[in-house]
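Text of query-v3.txt, listed as compact mmCIF, C-alpha atoms:
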# COMPACT_ATOMS: atom_id res chain seq x y z
CA MET V 1 131.40 136.80 133.43
CA ARG V 2 129.01 136.53 130.51
CA PHE V 3 125.46 137.65 131.20
CA GLU V 4 123.45 138.22 128.04
CA VAL V 5 120.09 137.47 126.45
CA ILE V 6 119.59 136.13 122.91
CA ILE V 7 116.20 136.78 121.34
CA LEU V 8 114.67 133.80 119.53
CA GLY V 9 111.10 135.06 119.19
CA SER V 10 109.29 138.37 119.71
CA SER V 11 105.88 137.98 118.06
CA SER V 12 102.58 137.76 119.91
CA ALA V 13 99.98 135.06 119.24
CA THR V 14 101.19 133.99 115.77
CA PRO V 15 104.42 133.90 113.75
CA ILE V 16 104.35 136.67 111.14
CA PHE V 17 106.68 138.98 109.17
CA ASN V 18 109.64 136.70 109.98
CA ARG V 19 108.91 137.14 113.67
CA ASN V 20 108.46 134.06 115.84
CA PRO V 21 106.48 133.61 119.07
CA SER V 22 108.14 134.25 122.42
CA ALA V 23 111.42 132.54 123.27
CA GLN V 24 114.75 133.72 124.66
CA ILE V 25 118.05 132.24 125.77
CA LEU V 26 119.74 133.74 128.81
CA ASN V 27 123.46 132.97 128.88
CA VAL V 28 124.86 133.12 132.40
CA ASN V 29 128.55 132.30 132.35
CA GLU V 30 127.95 129.75 129.54
CA ARG V 31 124.99 128.14 131.29
CA LEU V 32 121.92 128.46 129.10
CA PHE V 33 118.41 129.13 130.39
CA LEU V 34 115.45 128.99 128.00
CA ILE V 35 112.69 131.50 128.77
CA ASP V 36 109.40 130.59 127.12
CA CYS V 37 109.27 128.23 124.16
CA GLY V 38 106.89 129.33 121.42
CA GLU V 39 106.36 127.58 118.12
CA GLY V 40 109.56 127.39 116.06
CA THR V 41 111.99 127.63 118.97
CA GLN V 42 113.96 124.58 117.77
CA GLN V 43 114.56 126.19 114.38
CA GLN V 44 115.58 129.43 116.04
CA LEU V 45 118.10 127.62 118.22
CA ILE V 46 119.62 126.05 115.11
CA ARG V 47 119.70 129.38 113.21
CA ASN V 48 121.50 131.03 116.10
CA GLY V 49 124.05 128.24 116.55
CA ILE V 50 122.77 127.24 120.00
CA LYS V 51 122.93 123.56 120.95
CA ALA V 52 119.68 122.52 122.60
CA GLN V 53 121.48 119.86 124.62
CA ARG V 54 123.19 122.64 126.60
CA ILE V 55 119.84 123.76 128.01
CA ASN V 56 119.07 122.30 131.44
CA HIS V 57 116.47 124.79 132.69
CA ILE V 58 113.30 125.98 130.93
CA PHE V 59 111.01 128.70 132.30
CA ILE V 60 107.43 128.94 131.00
CA SER V 61 105.54 132.11 131.95
CA HIS V 62 101.98 130.93 131.20
CA LEU V 63 99.90 128.59 129.10
CA HIS V 64 98.92 130.67 126.10
CA GLY V 65 100.18 128.73 123.10
CA ASP V 66 102.59 131.35 121.80
CA HIS V 67 104.66 130.82 124.97
CA TYR V 68 104.87 127.03 125.14
CA LEU V 69 103.74 125.26 121.93
CA GLY V 70 107.34 124.61 120.91
CA LEU V 71 108.06 122.72 124.12
CA VAL V 72 106.80 119.24 123.19
CA GLY V 73 108.83 119.27 119.98
CA LEU V 74 111.97 120.44 121.75
CA LEU V 75 111.70 117.83 124.49
CA SER V 76 110.99 115.12 121.90
CA SER V 77 114.03 116.06 119.82
CA LEU V 78 116.27 115.97 122.89
CA HIS V 79 114.92 112.47 123.57
CA LEU V 80 115.59 111.33 119.98
CA ASN V 81 119.10 112.79 120.14
CA GLY V 82 119.97 110.67 123.17
CA ARG V 83 119.69 113.07 126.08
CA THR V 84 119.93 111.41 129.50
CA ARG V 85 120.44 114.41 131.80
CA PRO V 86 117.35 115.67 133.67
CA MET V 87 115.51 118.69 132.29
CA ASN V 88 114.24 121.19 134.85
CA ILE V 89 111.00 122.94 133.90
CA TYR V 90 109.49 125.85 135.83
CA GLY V 91 105.91 126.78 135.00
CA PRO V 92 102.20 126.42 135.87
CA PRO V 93 101.11 123.05 137.36
CA GLU V 94 98.84 122.35 134.38
CA LEU V 95 101.88 122.23 132.10
CA LYS V 96 102.77 118.78 133.42
CA GLU V 97 99.31 117.48 132.48
CA ILE V 98 99.69 118.89 128.95
CA LEU V 99 103.07 117.23 128.47
CA ASP V 100 101.94 113.93 129.99
CA ILE V 101 98.99 113.74 127.59
CA GLN V 102 101.15 114.53 124.56
CA PHE V 103 103.70 111.86 125.41
CA ARG V 104 101.10 109.30 126.50
CA TYR V 105 99.16 109.39 123.25
CA SER V 106 102.27 109.45 121.09
CA GLN V 107 103.57 106.48 123.11
CA THR V 108 106.75 108.38 123.88
CA GLU V 109 108.74 107.51 126.98
CA LEU V 110 111.51 110.06 127.36
CA ARG V 111 115.02 108.73 127.94
CA TYR V 112 115.56 111.45 130.54
CA PRO V 113 113.56 112.66 133.55
CA ILE V 114 111.72 115.98 133.68
CA VAL V 115 111.92 117.72 137.03
CA PHE V 116 109.03 120.15 137.52
CA LYS V 117 108.98 123.21 139.75
CA PHE V 118 105.44 124.56 139.71
CA THR V 119 104.93 128.30 139.80
CA GLN V 120 102.01 130.04 141.48
CA THR V 121 100.56 133.54 141.33
CA THR V 122 99.74 134.31 144.96
CA SER V 123 103.22 135.44 145.99
CA SER V 124 106.67 135.86 144.49
CA GLU V 125 109.05 133.01 145.25
CA LEU V 126 112.61 131.89 144.71
CA ILE V 127 112.43 129.01 142.23
CA PHE V 128 116.09 128.46 141.34
CA GLU V 129 119.49 129.20 142.83
CA ASN V 130 123.08 128.18 142.09
CA ASN V 131 126.51 129.70 142.70
CA ASP V 132 125.98 132.39 140.05
CA ILE V 133 122.32 133.48 140.09
CA MET V 134 118.95 133.43 141.79
CA VAL V 135 115.65 133.28 139.89
CA GLU V 136 112.46 134.71 141.40
CA THR V 137 108.97 134.86 139.95
CA ILE V 138 107.33 138.19 139.12
CA LEU V 139 103.58 138.40 139.73
CA LEU V 140 101.83 139.60 136.58
CA GLU V 141 98.16 140.05 135.66
CA HIS V 142 96.97 138.47 132.43
CA ARG V 143 93.80 136.68 131.26
CA ILE V 144 95.17 133.45 132.72
CA PRO V 145 97.75 132.89 135.50
CA CYS V 146 101.09 134.31 134.42
CA THR V 147 104.47 134.99 136.01
CA GLY V 148 107.56 136.80 134.89
CA PHE V 149 111.07 135.86 135.99
CA LYS V 150 113.85 137.92 137.56
CA PHE V 151 117.40 136.60 137.18
CA SER V 152 119.82 138.17 139.68
CA GLN V 153 123.56 137.57 139.78
CA LYS V 154 125.13 136.91 143.16
CA LYS V 155 127.94 139.13 144.36
CA ARG V 156 131.21 137.57 143.32
CA LEU V 157 134.52 137.35 145.19
CA ARG V 158 137.22 139.97 144.71
CA LYS V 159 139.49 139.61 141.66
CA ILE V 160 143.11 138.56 142.10
CA ILE V 161 145.77 140.86 140.63
CA LYS V 162 147.65 138.20 138.70
CA GLU V 163 150.93 140.11 138.36
CA LYS V 164 151.25 140.66 142.13
CA VAL V 165 150.36 137.06 142.96
CA GLU V 166 152.94 135.73 140.50
CA ALA V 167 155.63 138.16 141.67
CA LEU V 168 155.18 137.03 145.28
CA ASN V 169 154.95 133.31 144.37
CA ILE V 170 151.77 132.99 146.41
CA PRO V 171 150.69 129.33 146.65
CA VAL V 172 147.67 128.44 144.57
CA ASP V 173 145.76 127.15 147.60
CA MET V 174 146.00 130.61 149.19
CA ILE V 175 144.23 132.40 146.33
CA PRO V 176 140.63 131.49 147.30
CA LEU V 177 141.35 132.69 150.85
CA ILE V 178 142.79 135.99 149.65
CA LYS V 179 139.72 136.51 147.45
CA ARG V 180 137.64 136.16 150.62
CA GLY V 181 139.69 138.81 152.42
CA MET V 182 142.50 136.92 154.17
CA ASP V 183 145.85 138.72 154.20
CA TYR V 184 148.94 136.91 152.91
CA THR V 185 152.09 136.51 155.02
CA ASP V 186 155.28 135.50 153.19
CA SER V 187 158.12 133.36 154.56
CA LYS V 188 159.88 136.46 156.00
CA GLY V 189 156.83 137.49 157.95
CA ARG V 190 155.83 140.38 155.75
CA VAL V 191 152.07 140.86 155.54
CA TYR V 192 150.36 141.76 152.27
CA PRO V 193 146.78 142.98 152.86
CA ALA V 194 144.20 141.18 150.74
CA PHE V 195 142.83 144.46 149.34
CA GLU V 196 146.28 145.21 147.85
CA LEU V 197 146.34 141.85 146.06
CA THR V 198 142.82 142.09 144.68
CA THR V 199 140.42 144.44 142.95
CA ASP V 200 136.69 144.94 143.44
CA PRO V 201 134.45 142.40 141.70
CA ASP V 202 132.04 143.48 138.99
CA ASP V 203 128.71 144.71 140.30
CA PRO V 204 126.07 141.94 140.19
CA ARG V 205 123.58 142.41 137.35
CA SER V 206 119.92 141.53 136.94
CA TYR V 207 117.45 140.74 134.18
CA ALA V 208 113.67 140.89 134.47
CA TYR V 209 111.40 139.14 131.99
CA CYS V 210 107.88 140.56 132.12
CA SER V 211 105.74 138.36 129.92
CA ASP V 212 102.09 139.05 129.08
CA THR V 213 100.48 141.47 131.51
CA ILE V 214 98.20 144.43 131.82
CA CYS V 215 100.04 147.50 133.08
CA ASN V 216 98.80 147.65 136.67
CA TRP V 217 102.05 148.84 138.34
CA THR V 218 101.78 146.22 141.07
CA TYR V 219 105.01 144.50 140.03
CA LEU V 220 107.18 147.65 140.10
CA GLU V 221 108.80 146.84 143.44
CA GLN V 222 109.85 143.41 142.19
CA ILE V 223 111.81 144.87 139.28
CA LYS V 224 113.25 147.98 140.95
CA GLY V 225 116.73 148.83 139.69
CA VAL V 226 117.10 145.96 137.20
CA ASP V 227 119.88 146.37 134.68
CA THR V 228 117.79 145.11 131.77
CA LEU V 229 114.01 144.84 131.62
CA TYR V 230 112.20 142.88 128.92
CA HIS V 231 108.59 143.99 128.86
CA GLU V 232 105.79 142.98 126.54
CA SER V 233 104.63 145.89 124.34
CA THR V 234 101.96 144.33 122.19
CA PHE V 235 100.33 147.57 120.99
CA MET V 236 101.01 151.25 120.44
CA ASN V 237 99.33 153.62 122.86
CA ASP V 238 96.57 154.61 120.41
CA MET V 239 95.24 151.09 121.11
CA LEU V 240 95.27 151.50 124.87
CA ASP V 241 91.66 150.32 125.16
CA ARG V 242 92.43 147.17 123.19
CA ALA V 243 95.46 146.55 125.39
CA GLY V 244 93.25 146.74 128.45
CA GLU V 245 90.64 144.40 126.98
CA THR V 246 93.26 141.76 126.20
CA PHE V 247 95.35 142.29 129.35
CA HIS V 248 98.38 143.52 127.42
CA THR V 249 100.66 146.55 127.55
CA THR V 250 101.49 149.34 125.09
CA ALA V 251 105.01 150.42 124.15
CA LEU V 252 104.46 153.72 125.94
CA GLN V 253 103.34 151.95 129.12
CA ALA V 254 106.35 149.60 128.98
CA ALA V 255 108.60 152.67 128.84
CA GLU V 256 106.80 154.18 131.83
CA VAL V 257 107.32 150.94 133.75
CA ALA V 258 111.05 151.01 132.93
CA LEU V 259 111.30 154.64 134.00
CA ARG V 260 109.46 154.15 137.29
CA ALA V 261 111.39 150.97 138.05
CA GLY V 262 114.74 152.67 137.48
CA ALA V 263 115.79 150.11 134.88
CA LYS V 264 118.94 150.83 132.91
CA GLN V 265 117.80 149.26 129.63
CA LEU V 266 114.42 148.29 128.15
CA LEU V 267 113.75 145.57 125.59
CA LEU V 268 110.38 145.71 123.83
CA GLY V 269 108.75 142.51 122.57
CA HIS V 270 105.59 140.45 122.00
CA PHE V 271 104.56 142.61 119.05
CA SER V 272 101.06 142.39 117.61
CA ALA V 273 100.70 140.95 114.10
CA ARG V 274 99.04 144.23 113.07
CA TYR V 275 102.50 145.89 112.98
CA ARG V 276 104.72 145.05 110.03
CA GLU V 277 107.06 147.94 110.86
CA LEU V 278 108.15 148.17 114.48
CA ASP V 279 110.01 151.47 114.51
CA PRO V 280 106.88 153.43 115.57
CA LEU V 281 106.68 151.31 118.74
CA LEU V 282 110.35 151.96 119.43
CA GLN V 283 110.00 155.71 118.94
CA GLU V 284 106.95 155.76 121.21
CA ALA V 285 108.92 154.05 123.98
CA ARG V 286 111.98 156.26 123.49
CA SER V 287 109.85 159.36 123.95
CA ILE V 288 109.62 158.26 127.59
CA PHE V 289 112.65 156.02 128.07
CA PRO V 290 115.50 156.73 125.59
CA ASN V 291 117.45 153.54 126.33
CA SER V 292 114.81 151.33 124.70
CA TYR V 293 115.44 148.66 122.05
CA LEU V 294 113.43 146.22 119.95
CA ALA V 295 113.87 142.59 121.00
CA LEU V 296 114.36 141.29 117.47
CA GLU V 297 115.20 137.71 116.52
CA GLY V 298 118.89 136.93 116.47
CA HIS V 299 119.89 139.99 118.48
CA THR V 300 122.04 139.56 121.58
CA PHE V 301 121.85 142.09 124.40
CA ALA V 302 124.54 142.32 127.08
CA ILE V 303 123.06 142.86 130.51
If you took the structure in this file and wrote it as structure tokens, what would it be?
Amino acid sequence: MRFEVIILGSSSATPIFNRNPSAQILNVNERLFLIDCGEGTQQQLIRNGIKAQRINHIFISHLHGDHYLGLVGLLSSLHLNGRTRPMNIYGPPELKEILDIQFRYSQTELRYPIVFKFTQTTSSELIFENNDIMVETILLEHRIPCTGFKFSQKKRLRKIIKEKVEALNIPVDMIPLIKRGMDYTDSKGRVYPAFELTTDPDDPRSYAYCSDTICNWTYLEQIKGVDTLYHESTFMNDMLDRAGETFHTTALQAAEVALRAGAKQLLLGHFSARYRELDPLLQEARSIFPNSYLALEGHTFAI
């Protein structure tokens, strides 16, 4: 099962040095989820060969412009290109007002409905669930209300051993039952235990997206043991005071969060425009958490 994140934007506040504001695509078994939608997201989708029409769910962490200013353009283009399927948007309640005003004064009536699920910052909540994954909010602390998102795969059924099933001519309608643990009895009465006809499923994986936040450690429990953690790392640690003033995190702090949370992999992003070269941020993080990487545009990370 495919479970990977494609980075579309990793800059904070403004596009600079060929870095775009925050946006990511999470591919879960060929279902695409857009996480944040900064300016230029449409162009980044095109550059990375991703069809916007395949996106049915958009998650917006908060209402600073570098996390949502690309949304009106994306929704408008989908309208112009004939979309009729509903678009599900998860974000702060005020986002609906922003979109309504934009479309009202441009006299745009979308051909498709938008289904809103409003997030809140008083408690974590389950905001999406299907057969493959669950999505929960992560409570963060920024200058304005902000949530992260944790995507967790559900445990899958056991895997059929194809060669054994074919050799025994097991009927197709029996396969789902065997995956669930039912033994198979052939026409001669011989019983084949389900565990001999199957193998263990892959371990379920998880991805946590920690958008803009001061490093206050309160969200550690929510991201314990995640396979991949994306964490904002706007500054280097010599600007710790500035990070505190602006409710952001340093690369060193992001690494400490990953270490304390027991994450397997850390992706650094939301880089300040003051940094043309990003390797110093990476080396700072790796001094604490070696399995750290830069979330650079166009890069795909398996989770």
Next item on the list: Could you check how far atom CA of V:Gln153 sits from atom CA of V:Pro204, in Å to one decimal?
Entry: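 Answer for the atom CA of V:Gln153 to atom CA of V:Pro204 separation: 5.1 Å.
With only C-alpha atoms as the atoms that count, the minimum distance from V:Leu110 to the choices V:Leu78, V:Ala261, V:Ile89, V:Ile127 is reached by V:Leu78.
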Margin query: Set the distance at 10 Å and use only C-alpha atoms: which residues neighbour V:Asn48 once local chain neighbours fewer than 6 positions away are removed? I'd like the list as a list of chain:residue names.
Written below: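 Near neighbours after the sequence-gap exclusion: V:Ile6, V:Ile7, V:Leu8, V:Glu297, V:Gly298, V:His299.
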Quick one: which stretch 22-140 of chain V residues come within 10 Å of stretch 217-237 of chain V, and what is the nearest atom pair for each with the distance in Å to one decimal, counting all atoms listed in the file, rows ordered by chain and ascending number, as CSV?
residue,atom,partner,partner_atom,distance
V:Ser22,CA,V:Glu232,CA,9.9
V:Ser124,CA,V:Gln222,CA,8.5
V:Glu136,CA,V:Gln222,CA,9.1
V:Thr137,CA,V:Gln222,CA,8.9
V:Ile138,CA,V:Gln222,CA,6.6
V:Leu139,CA,V:Tyr219,CA,6.3
V:Leu140,CA,V:Tyr219,CA,6.8
Item checked: Shortest interatomic distance to V:Met1 - which of V:Leu74, V:Leu197, V:Ile133, V:Ile114, counting all atoms listed in the file ->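 Once distances to V:Met1 are computed over all atoms listed in the file, the minimum belongs to V:Ile133.
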Next item on the list: Go through V:Asp36, V:Glu4, V:Asp183, V:Asp100 and flag the residue nearest V:Phe151, using all atoms listed in the file for the distances.
Entry: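 Checking each of V:Asp36, V:Glu4, V:Asp183, V:Asp100 against V:Phe151, counting all atoms listed in the file, the winner is V:Glu4.
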Note to self: Please report the interatomic distance between atom CA of V:Pro92 and atom CA of V:Gly73 in Å with one decimal.
What the structure shows: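 Computing the Euclidean distance for atom CA of V:Pro92 and atom CA of V:Gly73 yields 18.6 Å.
One finds atom CA of V:Ala295 at 16.2 Å from atom CA of V:Thr14.
Residues lying within 9 Å of (100.5, 134.1, 134.2). Counted over only C-alpha atoms, they are Ser61, His62, Leu63, His64, Pro92, Gln120, Thr121, Leu139, Leu140, Glu141, His142, Arg143, Ile144, Pro145, Cys146, Thr147, Gly148, Ser211, Asp212 and Thr213 of chain V.
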Next item on the list: Please provide the set of residues having any atom within 12 Å of V:Leu75, restricted to all atoms listed in the file, with same-chain residues fewer than 5 positions apart removed, written as an NGL selection string.
Entry: :V and (37 or 41-42 or 52-53 or 55-58 or 68-70 or 80-89 or 99-100 or 102-103 or 108-114)
Item checked: Top pick for closest residue to V:Asn18, considering V:Arg286, V:Arg276, V:Arg205, V:Lys51 and counting only C-alpha atoms ->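 That would be V:Arg276, the residue with the smallest distance to V:Asn18.
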Next item on the list: Could you tell me which of V:His79, V:Val135, V:Pro21, V:Val5 comes closest to V:Phe271 if we count only C-alpha atoms?
Entry: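 Using only C-alpha atoms, the shortest distance to V:Phe271 belongs to V:Pro21.
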Item checked: Of the listed residues V:Arg242, V:Arg2, V:Lys117, V:Arg19, that which approaches V:Glu277 most closely, counting only C-alpha atoms ->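 Checking each candidate against V:Glu277, we get V:Arg19 as the closest.
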As a compact mmCIF listing (two decimals) with C-alpha atoms, in the coordinates of the input, please: the residues near V:Leu252 (cut-off 12 Å, only C-alpha atoms, same-chain neighbours under 6 positions excluded).
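Saved to part02.txt:
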# COMPACT_ATOMS: atom_id res chain seq x y z
CA CYS V 215 100.04 147.50 133.08
CA HIS V 231 108.59 143.99 128.86
CA GLU V 232 105.79 142.98 126.54
CA SER V 233 104.63 145.89 124.34
CA THR V 234 101.96 144.33 122.19
CA PHE V 235 100.33 147.57 120.99
CA MET V 236 101.01 151.25 120.44
CA ASN V 237 99.33 153.62 122.86
CA ASP V 238 96.57 154.61 120.41
CA MET V 239 95.24 151.09 121.11
CA LEU V 240 95.27 151.50 124.87
CA ALA V 243 95.46 146.55 125.39
CA ALA V 258 111.05 151.01 132.93
CA LEU V 259 111.30 154.64 134.00
CA LEU V 266 114.42 148.29 128.15
CA LEU V 268 110.38 145.71 123.83
CA PRO V 280 106.88 153.43 115.57
CA LEU V 281 106.68 151.31 118.74
CA LEU V 282 110.35 151.96 119.43
CA GLN V 283 110.00 155.71 118.94
CA GLU V 284 106.95 155.76 121.21
CA ALA V 285 108.92 154.05 123.98
CA ARG V 286 111.98 156.26 123.49
CA SER V 287 109.85 159.36 123.95
CA ILE V 288 109.62 158.26 127.59
CA PHE V 289 112.65 156.02 128.07
CA PRO V 290 115.50 156.73 125.59
CA SER V 292 114.81 151.33 124.70
Is it possible to add N, CA and C atoms to stretch 127-151 of chain V and hand it back as a compact mmCIF listing (two decimals), keeping the file's coordinate frame?
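Written output follows (out-v7.txt):
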# COMPACT_ATOMS: atom_id res chain seq x y z
N ILE V 127 112.67 130.33 142.84
CA ILE V 127 112.43 129.01 142.23
C ILE V 127 113.71 128.33 141.76
N PHE V 128 114.83 129.06 141.74
CA PHE V 128 116.09 128.46 141.34
C PHE V 128 117.24 129.25 141.94
N GLU V 129 118.30 128.53 142.31
CA GLU V 129 119.49 129.20 142.83
C GLU V 129 120.69 128.30 142.61
N ASN V 130 121.80 128.88 142.14
CA ASN V 130 123.08 128.18 142.09
C ASN V 130 124.17 129.15 142.54
N ASN V 131 125.41 128.84 142.24
CA ASN V 131 126.51 129.70 142.70
C ASN V 131 126.53 131.06 142.02
N ASP V 132 125.92 131.16 140.85
CA ASP V 132 125.98 132.39 140.05
C ASP V 132 124.75 133.28 140.19
N ILE V 133 123.55 132.67 140.17
CA ILE V 133 122.32 133.48 140.09
C ILE V 133 121.21 132.94 140.99
N MET V 134 120.22 133.81 141.18
CA MET V 134 118.95 133.43 141.79
C MET V 134 117.85 133.81 140.80
N VAL V 135 116.79 132.99 140.76
CA VAL V 135 115.65 133.28 139.89
C VAL V 135 114.39 133.37 140.76
N GLU V 136 113.70 134.50 140.66
CA GLU V 136 112.46 134.71 141.40
C GLU V 136 111.32 134.95 140.41
N THR V 137 110.13 134.58 140.79
CA THR V 137 108.97 134.86 139.95
C THR V 137 108.51 136.30 140.15
N ILE V 138 107.93 136.86 139.10
CA ILE V 138 107.33 138.19 139.12
C ILE V 138 105.83 138.02 138.92
N LEU V 139 105.04 138.57 139.81
CA LEU V 139 103.58 138.40 139.73
C LEU V 139 103.00 139.36 138.70
N LEU V 140 102.42 138.81 137.65
CA LEU V 140 101.83 139.60 136.58
C LEU V 140 100.32 139.37 136.53
N GLU V 141 99.60 140.20 135.79
CA GLU V 141 98.16 140.05 135.66
C GLU V 141 97.78 139.93 134.19
N HIS V 142 97.36 138.74 133.81
CA HIS V 142 96.97 138.47 132.43
C HIS V 142 95.62 137.76 132.46
N ARG V 143 95.11 137.35 131.31
CA ARG V 143 93.80 136.68 131.26
C ARG V 143 93.82 135.33 131.95
N ILE V 144 95.00 134.70 131.99
CA ILE V 144 95.17 133.45 132.72
C ILE V 144 96.39 133.63 133.63
N PRO V 145 96.61 132.75 134.60
CA PRO V 145 97.75 132.89 135.50
C PRO V 145 99.06 133.03 134.74
N CYS V 146 99.86 133.99 135.16
CA CYS V 146 101.09 134.31 134.42
C CYS V 146 102.13 134.87 135.39
N THR V 147 103.36 134.43 135.23
CA THR V 147 104.47 134.99 136.01
C THR V 147 105.58 135.43 135.08
N GLY V 148 106.30 136.46 135.52
CA GLY V 148 107.56 136.80 134.89
C GLY V 148 108.67 136.17 135.70
N PHE V 149 109.91 136.44 135.30
CA PHE V 149 111.07 135.86 135.99
C PHE V 149 112.16 136.91 136.13
N LYS V 150 112.73 137.01 137.32
CA LYS V 150 113.85 137.92 137.56
C LYS V 150 115.09 137.11 137.86
N PHE V 151 116.12 137.29 137.04
CA PHE V 151 117.40 136.60 137.18
C PHE V 151 118.41 137.58 137.79
